[in-house]
>>> print(open('model.pdb').read())   # PDB, C-alpha atoms, pLDDT in the B column
ATOM      1  CA  MET A   1     179.711 226.564 133.122  1.00 41.00           C
ATOM      2  CA  ALA A   2     180.755 223.161 134.482  1.00 63.00           C
ATOM      3  CA  ARG A   3     181.123 222.645 138.184  1.00 83.00           C
ATOM      4  CA  PRO A   4     184.731 222.326 139.360  1.00 82.00           C
ATOM      5  CA  ASP A   5     184.205 218.867 140.898  1.00 84.00           C
ATOM      6  CA  LYS A   6     182.770 217.492 137.639  1.00 86.00           C
ATOM      7  CA  ALA A   7     185.543 219.094 135.599  1.00 88.00           C
ATOM      8  CA  ALA A   8     188.118 217.485 137.910  1.00 88.00           C
ATOM      9  CA  ALA A   9     186.382 214.094 137.587  1.00 88.00           C
ATOM     10  CA  VAL A  10     186.402 214.366 133.776  1.00 88.00           C
ATOM     11  CA  ALA A  11     190.078 215.362 133.796  1.00 89.00           C
ATOM     12  CA  GLU A  12     190.968 212.395 136.012  1.00 90.00           C
ATOM     13  CA  LEU A  13     189.019 209.941 133.841  1.00 89.00           C
ATOM     14  CA  THR A  14     190.547 211.410 130.673  1.00 88.00           C
ATOM     15  CA  ASP A  15     194.003 210.892 132.140  1.00 89.00           C
ATOM     16  CA  LYS A  16     193.157 207.272 133.039  1.00 89.00           C
ATOM     17  CA  PHE A  17     191.913 206.586 129.496  1.00 87.00           C
ATOM     18  CA  ARG A  18     195.089 208.068 128.016  1.00 88.00           C
ATOM     19  CA  THR A  19     197.542 206.277 130.314  1.00 88.00           C
ATOM     20  CA  SER A  20     195.871 202.855 130.367  1.00 88.00           C
ATOM     21  CA  ASN A  21     196.713 200.012 127.993  1.00 87.00           C
ATOM     22  CA  ALA A  22     193.070 198.976 128.016  1.00 89.00           C
ATOM     23  CA  ALA A  23     189.740 199.931 129.529  1.00 90.00           C
ATOM     24  CA  MET A  24     186.923 197.425 130.047  1.00 91.00           C
ATOM     25  CA  LEU A  25     183.402 198.613 130.700  1.00 91.00           C
ATOM     26  CA  THR A  26     181.100 196.550 132.920  1.00 91.00           C
ATOM     27  CA  GLU A  27     177.668 196.737 134.464  1.00 90.00           C
ATOM     28  CA  TYR A  28     177.668 195.976 138.167  1.00 86.00           C
ATOM     29  CA  ARG A  29     173.932 196.124 138.940  1.00 87.00           C
ATOM     30  CA  GLY A  30     173.093 193.851 141.878  1.00 86.00           C
ATOM     31  CA  LEU A  31     176.629 193.432 143.232  1.00 87.00           C
ATOM     32  CA  THR A  32     177.254 194.192 146.876  1.00 88.00           C
ATOM     33  CA  VAL A  33     180.088 196.348 148.171  1.00 90.00           C
ATOM     34  CA  ALA A  34     181.822 193.204 149.442  1.00 90.00           C
ATOM     35  CA  GLN A  35     181.590 191.592 145.994  1.00 90.00           C
ATOM     36  CA  LEU A  36     183.035 194.718 144.354  1.00 89.00           C
ATOM     37  CA  LYS A  37     185.894 194.637 146.851  1.00 90.00           C
ATOM     38  CA  THR A  38     186.530 190.979 145.970  1.00 90.00           C
ATOM     39  CA  LEU A  39     186.473 191.879 142.273  1.00 89.00           C
ATOM     40  CA  ARG A  40     189.042 194.640 142.773  1.00 89.00           C
ATOM     41  CA  ARG A  41     191.345 192.190 144.550  1.00 88.00           C
ATOM     42  CA  ALA A  42     190.835 189.589 141.808  1.00 86.00           C
ATOM     43  CA  LEU A  43     191.806 192.070 139.101  1.00 86.00           C
ATOM     44  CA  GLY A  44     195.221 192.668 140.628  1.00 82.00           C
ATOM     45  CA  GLU A  45     197.516 195.601 141.257  1.00 86.00           C
ATOM     46  CA  ASN A  46     197.727 196.858 137.679  1.00 87.00           C
ATOM     47  CA  VAL A  47     193.982 197.394 137.313  1.00 89.00           C
ATOM     48  CA  THR A  48     191.918 200.241 138.699  1.00 89.00           C
ATOM     49  CA  TYR A  49     188.228 199.339 138.875  1.00 89.00           C
ATOM     50  CA  ALA A  50     186.081 202.436 139.292  1.00 87.00           C
ATOM     51  CA  VAL A  51     182.338 202.972 139.431  1.00 88.00           C
ATOM     52  CA  VAL A  52     181.709 205.893 137.090  1.00 88.00           C
ATOM     53  CA  LYS A  53     178.996 208.291 135.977  1.00 89.00           C
ATOM     54  CA  ASN A  54     178.078 207.590 132.367  1.00 87.00           C
ATOM     55  CA  THR A  55     177.886 211.192 131.146  1.00 88.00           C
ATOM     56  CA  LEU A  56     181.200 212.230 132.684  1.00 90.00           C
ATOM     57  CA  THR A  57     182.913 209.065 131.469  1.00 89.00           C
ATOM     58  CA  ARG A  58     181.566 209.523 127.942  1.00 89.00           C
ATOM     59  CA  ILE A  59     182.953 213.082 127.901  1.00 90.00           C
ATOM     60  CA  ALA A  60     186.310 211.888 129.274  1.00 89.00           C
ATOM     61  CA  ALA A  61     186.538 209.053 126.722  1.00 88.00           C
ATOM     62  CA  ASN A  62     185.790 211.461 123.870  1.00 87.00           C
ATOM     63  CA  GLU A  63     188.426 213.897 125.148  1.00 88.00           C
ATOM     64  CA  ALA A  64     190.909 211.003 125.204  1.00 86.00           C
ATOM     65  CA  GLY A  65     190.039 210.236 121.567  1.00 86.00           C
ATOM     66  CA  ILE A  66     187.871 207.185 122.261  1.00 85.00           C
ATOM     67  CA  SER A  67     184.409 207.497 120.764  1.00 81.00           C
ATOM     68  CA  THR A  68     183.732 203.791 120.245  1.00 81.00           C
ATOM     69  CA  LEU A  69     182.372 203.296 123.781  1.00 81.00           C
ATOM     70  CA  ASP A  70     179.559 205.876 123.520  1.00 80.00           C
ATOM     71  CA  ASP A  71     176.822 203.256 122.979  1.00 82.00           C
ATOM     72  CA  LEU A  72     177.902 201.259 126.050  1.00 85.00           C
ATOM     73  CA  PHE A  73     177.325 204.007 128.610  1.00 85.00           C
ATOM     74  CA  ALA A  74     173.898 202.950 129.829  1.00 84.00           C
ATOM     75  CA  GLY A  75     172.865 201.667 133.241  1.00 85.00           C
ATOM     76  CA  PRO A  76     175.191 201.436 136.221  1.00 88.00           C
ATOM     77  CA  SER A  77     178.692 201.352 134.769  1.00 88.00           C
ATOM     78  CA  ALA A  78     182.166 200.662 136.076  1.00 90.00           C
ATOM     79  CA  VAL A  79     185.435 200.750 134.175  1.00 91.00           C
ATOM     80  CA  ALA A  80     188.499 198.594 134.686  1.00 91.00           C
ATOM     81  CA  PHE A  81     191.506 200.708 133.681  1.00 92.00           C
ATOM     82  CA  VAL A  82     194.371 198.326 132.880  1.00 90.00           C
ATOM     83  CA  ALA A  83     197.938 199.547 133.281  1.00 89.00           C
ATOM     84  CA  GLY A  84     199.560 196.113 132.904  1.00 82.00           C
ATOM     85  CA  ASP A  85     198.683 192.959 131.015  1.00 82.00           C
ATOM     86  CA  PRO A  86     195.132 193.213 129.599  1.00 87.00           C
ATOM     87  CA  VAL A  87     194.855 189.418 129.411  1.00 86.00           C
ATOM     88  CA  GLU A  88     195.071 189.093 133.192  1.00 86.00           C
ATOM     89  CA  ALA A  89     192.392 191.757 133.678  1.00 87.00           C
ATOM     90  CA  ALA A  90     190.118 190.091 131.124  1.00 89.00           C
ATOM     91  CA  LYS A  91     190.589 186.746 132.903  1.00 89.00           C
ATOM     92  CA  GLY A  92     189.771 188.348 136.240  1.00 88.00           C
ATOM     93  CA  LEU A  93     186.566 189.880 134.883  1.00 90.00           C
ATOM     94  CA  ARG A  94     185.541 186.676 133.089  1.00 90.00           C
ATOM     95  CA  ASP A  95     186.166 184.460 136.108  1.00 89.00           C
ATOM     96  CA  PHE A  96     184.361 186.821 138.465  1.00 90.00           C
ATOM     97  CA  ALA A  97     181.411 187.063 136.051  1.00 89.00           C
ATOM     98  CA  LYS A  98     181.153 183.243 136.001  1.00 90.00           C
ATOM     99  CA  ASP A  99     180.710 183.190 139.778  1.00 88.00           C
ATOM    100  CA  ASN A 100     178.613 186.400 139.898  1.00 87.00           C
ATOM    101  CA  PRO A 101     176.195 186.649 136.962  1.00 88.00           C
ATOM    102  CA  ASN A 102     175.256 190.197 138.016  1.00 88.00           C
ATOM    103  CA  LEU A 103     178.573 191.430 136.585  1.00 88.00           C
ATOM    104  CA  VAL A 104     178.076 191.995 132.861  1.00 90.00           C
ATOM    105  CA  ILE A 105     181.000 192.767 130.597  1.00 90.00           C
ATOM    106  CA  LYS A 106     179.803 195.366 128.091  1.00 90.00           C
ATOM    107  CA  GLY A 107     182.927 195.961 126.015  1.00 89.00           C
ATOM    108  CA  GLY A 108     186.064 198.001 126.059  1.00 89.00           C
ATOM    109  CA  VAL A 109     189.033 199.387 124.252  1.00 90.00           C
ATOM    110  CA  LEU A 110     192.546 197.965 123.820  1.00 89.00           C
ATOM    111  CA  ASP A 111     195.277 200.215 122.417  1.00 83.00           C
ATOM    112  CA  GLY A 112     192.655 202.425 120.782  1.00 79.00           C
ATOM    113  CA  LYS A 113     190.734 199.538 119.185  1.00 85.00           C
ATOM    114  CA  ALA A 114     187.176 198.828 120.298  1.00 85.00           C
ATOM    115  CA  LEU A 115     186.475 195.439 121.860  1.00 86.00           C
ATOM    116  CA  SER A 116     183.100 193.757 122.158  1.00 88.00           C
ATOM    117  CA  ALA A 117     182.180 191.652 125.187  1.00 86.00           C
ATOM    118  CA  ASP A 118     182.910 188.489 123.182  1.00 88.00           C
ATOM    119  CA  GLU A 119     186.329 189.790 122.171  1.00 88.00           C
ATOM    120  CA  ILE A 120     187.166 190.477 125.818  1.00 86.00           C
ATOM    121  CA  LYS A 121     186.189 186.888 126.640  1.00 87.00           C
ATOM    122  CA  LYS A 122     188.431 185.651 123.804  1.00 86.00           C
ATOM    123  CA  LEU A 123     191.211 187.849 125.163  1.00 83.00           C
ATOM    124  CA  ALA A 124     190.720 186.144 128.525  1.00 81.00           C
ATOM    125  CA  ASP A 125     191.268 182.754 126.865  1.00 80.00           C
ATOM    126  CA  LEU A 126     194.779 183.764 125.796  1.00 76.00           C
ATOM    127  CA  GLU A 127     197.767 182.903 127.913  1.00 73.00           C
ATOM    128  CA  SER A 128     199.486 185.692 129.786  1.00 69.00           C
ATOM    129  CA  ARG A 129     202.242 187.729 128.178  1.00 71.00           C
ATOM    130  CA  GLU A 130     204.930 186.040 130.270  1.00 75.00           C
ATOM    131  CA  VAL A 131     203.800 182.545 129.229  1.00 77.00           C
ATOM    132  CA  LEU A 132     203.682 183.523 125.546  1.00 73.00           C
ATOM    133  CA  LEU A 133     207.162 185.071 125.763  1.00 81.00           C
ATOM    134  CA  ALA A 134     208.494 181.943 127.475  1.00 85.00           C
ATOM    135  CA  LYS A 135     207.035 179.744 124.726  1.00 80.00           C
ATOM    136  CA  LEU A 136     208.556 181.982 122.067  1.00 82.00           C
ATOM    137  CA  ALA A 137     211.953 181.846 123.765  1.00 84.00           C
ATOM    138  CA  GLY A 138     211.719 178.056 124.002  1.00 82.00           C
ATOM    139  CA  ALA A 139     210.849 177.751 120.333  1.00 80.00           C
ATOM    140  CA  MET A 140     213.724 180.020 119.365  1.00 82.00           C
ATOM    141  CA  LYS A 141     216.147 178.045 121.525  1.00 80.00           C
ATOM    142  CA  ALA A 142     214.983 174.771 119.962  1.00 78.00           C
ATOM    143  CA  LYS A 143     215.560 176.131 116.458  1.00 78.00           C
ATOM    144  CA  GLN A 144     219.025 177.316 117.452  1.00 80.00           C
ATOM    145  CA  SER A 145     219.845 173.874 118.839  1.00 77.00           C
ATOM    146  CA  GLN A 146     218.629 172.221 115.633  1.00 79.00           C
ATOM    147  CA  THR A 147     220.737 174.589 113.545  1.00 78.00           C
ATOM    148  CA  ALA A 148     223.822 173.988 115.682  1.00 78.00           C
ATOM    149  CA  ALA A 149     223.337 170.215 115.384  1.00 77.00           C
ATOM    150  CA  LEU A 150     223.032 170.532 111.617  1.00 78.00           C
ATOM    151  CA  PHE A 151     226.237 172.553 111.340  1.00 79.00           C
ATOM    152  CA  GLN A 152     228.061 170.050 113.566  1.00 80.00           C
ATOM    153  CA  ALA A 153     226.753 167.070 111.581  1.00 79.00           C
ATOM    154  CA  LEU A 154     228.319 168.114 108.261  1.00 79.00           C
ATOM    155  CA  PRO A 155     231.995 168.216 109.388  1.00 81.00           C
ATOM    156  CA  SER A 156     231.445 165.153 111.565  1.00 81.00           C
ATOM    157  CA  LYS A 157     230.037 163.169 108.640  1.00 84.00           C
ATOM    158  CA  PHE A 158     232.913 164.309 106.422  1.00 83.00           C
ATOM    159  CA  ILE A 159     235.476 163.182 109.013  1.00 86.00           C
ATOM    160  CA  ARG A 160     233.789 159.780 109.430  1.00 87.00           C
ATOM    161  CA  THR A 161     233.695 159.296 105.647  1.00 88.00           C
ATOM    162  CA  ALA A 162     237.351 160.298 105.257  1.00 86.00           C
ATOM    163  CA  GLU A 163     238.376 157.936 108.071  1.00 87.00           C
ATOM    164  CA  ALA A 164     236.424 155.055 106.528  1.00 88.00           C
ATOM    165  CA  LEU A 165     238.099 155.712 103.168  1.00 89.00           C
ATOM    166  CA  ARG A 166     241.541 155.804 104.820  1.00 89.00           C
ATOM    167  CA  VAL A 167     240.891 152.493 106.589  1.00 90.00           C
ATOM    168  CA  LYS A 168     239.649 150.891 103.359  1.00 89.00           C
ATOM    169  CA  LEU A 169     242.722 152.071 101.430  1.00 89.00           C
ATOM    170  CA  ALA A 170     244.998 150.774 104.182  1.00 89.00           C
ATOM    171  CA  GLU A 171     243.269 147.386 104.080  1.00 88.00           C
ATOM    172  CA  ASP A 172     243.537 147.232 100.273  1.00 87.00           C
ATOM    173  CA  GLU A 173     247.288 147.983 100.417  1.00 86.00           C
ATOM    174  CA  GLN A 174     247.881 145.306 103.035  1.00 85.00           C
ATOM    175  CA  GLY A 175     245.621 142.784 101.322  1.00 72.00           C
ATOM    176  CA  GLY A 176     247.252 143.148  97.870  1.00 56.00           C
ATOM    177  CA  ALA A 177     250.925 142.665  98.980  1.00 52.00           C
ATOM    178  CA  GLY A 178     250.603 139.750 101.416  1.00 50.00           C
ATOM    179  CA  THR A 179     248.127 137.379  99.812  1.00 51.00           C
ATOM    180  CA  PRO A 180     247.898 136.102  96.262  1.00 52.00           C
ATOM    181  CA  ALA A 181     244.962 137.087  94.131  1.00 52.00           C
ATOM    182  CA  PRO A 182     242.196 134.492  93.893  1.00 53.00           C
ATOM    183  CA  ALA A 183     242.557 134.272  90.076  1.00 53.00           C
ATOM    184  CA  GLU A 184     246.148 133.029  90.386  1.00 51.00           C
ATOM    185  CA  ALA A 185     245.098 130.300  92.789  1.00 48.00           C
ATOM    186  CA  THR A 186     242.590 128.819  90.329  1.00 49.00           C
ATOM    187  CA  GLU A 187     245.145 128.716  87.465  1.00 50.00           C
ATOM    188  CA  SER A 188     247.655 126.585  89.384  1.00 49.00           C
ATOM    189  CA  GLU A 189     245.157 123.832  90.058  1.00 47.00           C
TER     190      GLU A 189
END
>>> encode(input="model.pdb", output="structure tokens")
Amino acid sequence: MARPDKAAAVAELTDKFRTSNAAMLTEYRGLTVAQLKTLRRALGENVTYAVVKNTLTRIAANEAGISTLDDLFAGPSAVAFVAGDPVEAAKGLRDFAKDNPNLVIKGGVLDGKALSADEIKKLADLESREVLLAKLAGAMKAKQSQTAALFQALPSKFIRTAEALRVKLAEDEQGGAGTPAPAEATESE
């Protein structure tokens, strides 16, 4: 029978796996407590970075329906549970790993899909959700402006053409009544 403290730890980890948008598994061998504290601050408010026991975490991940991480639970492991934007967490891990080579990104899971270490690094290269949404909104606004300009151009062009035709007809009427035709002038000579 499992000890109550281990059962509680598994239940807590299972809940974190189920409620998180993403989970990123790292190896922290050689990092000091101060460096881990710096890493937690760098990851932000929406990320919980926890040093975990491999066996208990494997059980919790399997209970949460995630079996793709089983091979990664070796050596000293820590998991970054992401409740917010996974891109920001991936950037935080990547940037910290650049400065501290002892932090090794092993892999993770994003919305139930397994991620390799390289895929997490590619995720870190993306722009944040807010920036992507702002670019999308800008592109949509530009298309709307182009469409509005197109719809305004058609009536405007019609009005300019009609006005030019009116002016030309008015000139032809005035020109025909007041001045003799050039053919008549050549006959009288």
>>> resolve_selection(input="model.pdb", expression="the PyMOL selection byres ((chain A and resi 58) around 12)", output="PyMOL selection string")
chain A and resi 9-11+13-14+17+25+52-57+59-74+77+79
>>> resolve_selection(input="model.pdb", expression="the PyMOL selection byres ((chain A and resi 96) around 12)", output="MDAnalysis selection string")
chainID A and resid 26 28 31 35:43 89:95 97:105 121 124
>>> closest_residue(input="model.pdb", among="A:Ala34, A:Val51, A:Met24, A:Leu115", to="Gly75 (chain A)", atoms="all atoms listed in the file")
A:Val51
>>> atom_distance(input="model.pdb", atom1="CA of Asp85 (chain A)", atom2="CA of Thr48 (chain A)")
12.6 Å
>>> closest_residue(input="model.pdb", among="A:Arg18, A:Pro86, A:Ala114, A:Asp5", to="Gly44 (chain A)", atoms="all atoms listed in the file")
A:Pro86
>>> closest_residue(input="model.pdb", among="A:Asp15, A:Asp172, A:Asp111, A:Glu88", to="Glu130 (chain A)", atoms="only C-alpha atoms")
A:Glu88
>>> closest_residue(input="model.pdb", among="A:Val87, A:Ala134, A:Val47, A:Val33", to="Glu119 (chain A)", atoms="all atoms listed in the file")
A:Val87
>>> atom_distance(input="model.pdb", atom1="CA of Gly84 (chain A)", atom2="CA of Leu123 (chain A)")
14.1 Å
>>> atom_distance(input="model.pdb", atom1="CA of Arg129 (chain A)", atom2="CA of Ser20 (chain A)")
16.6 Å
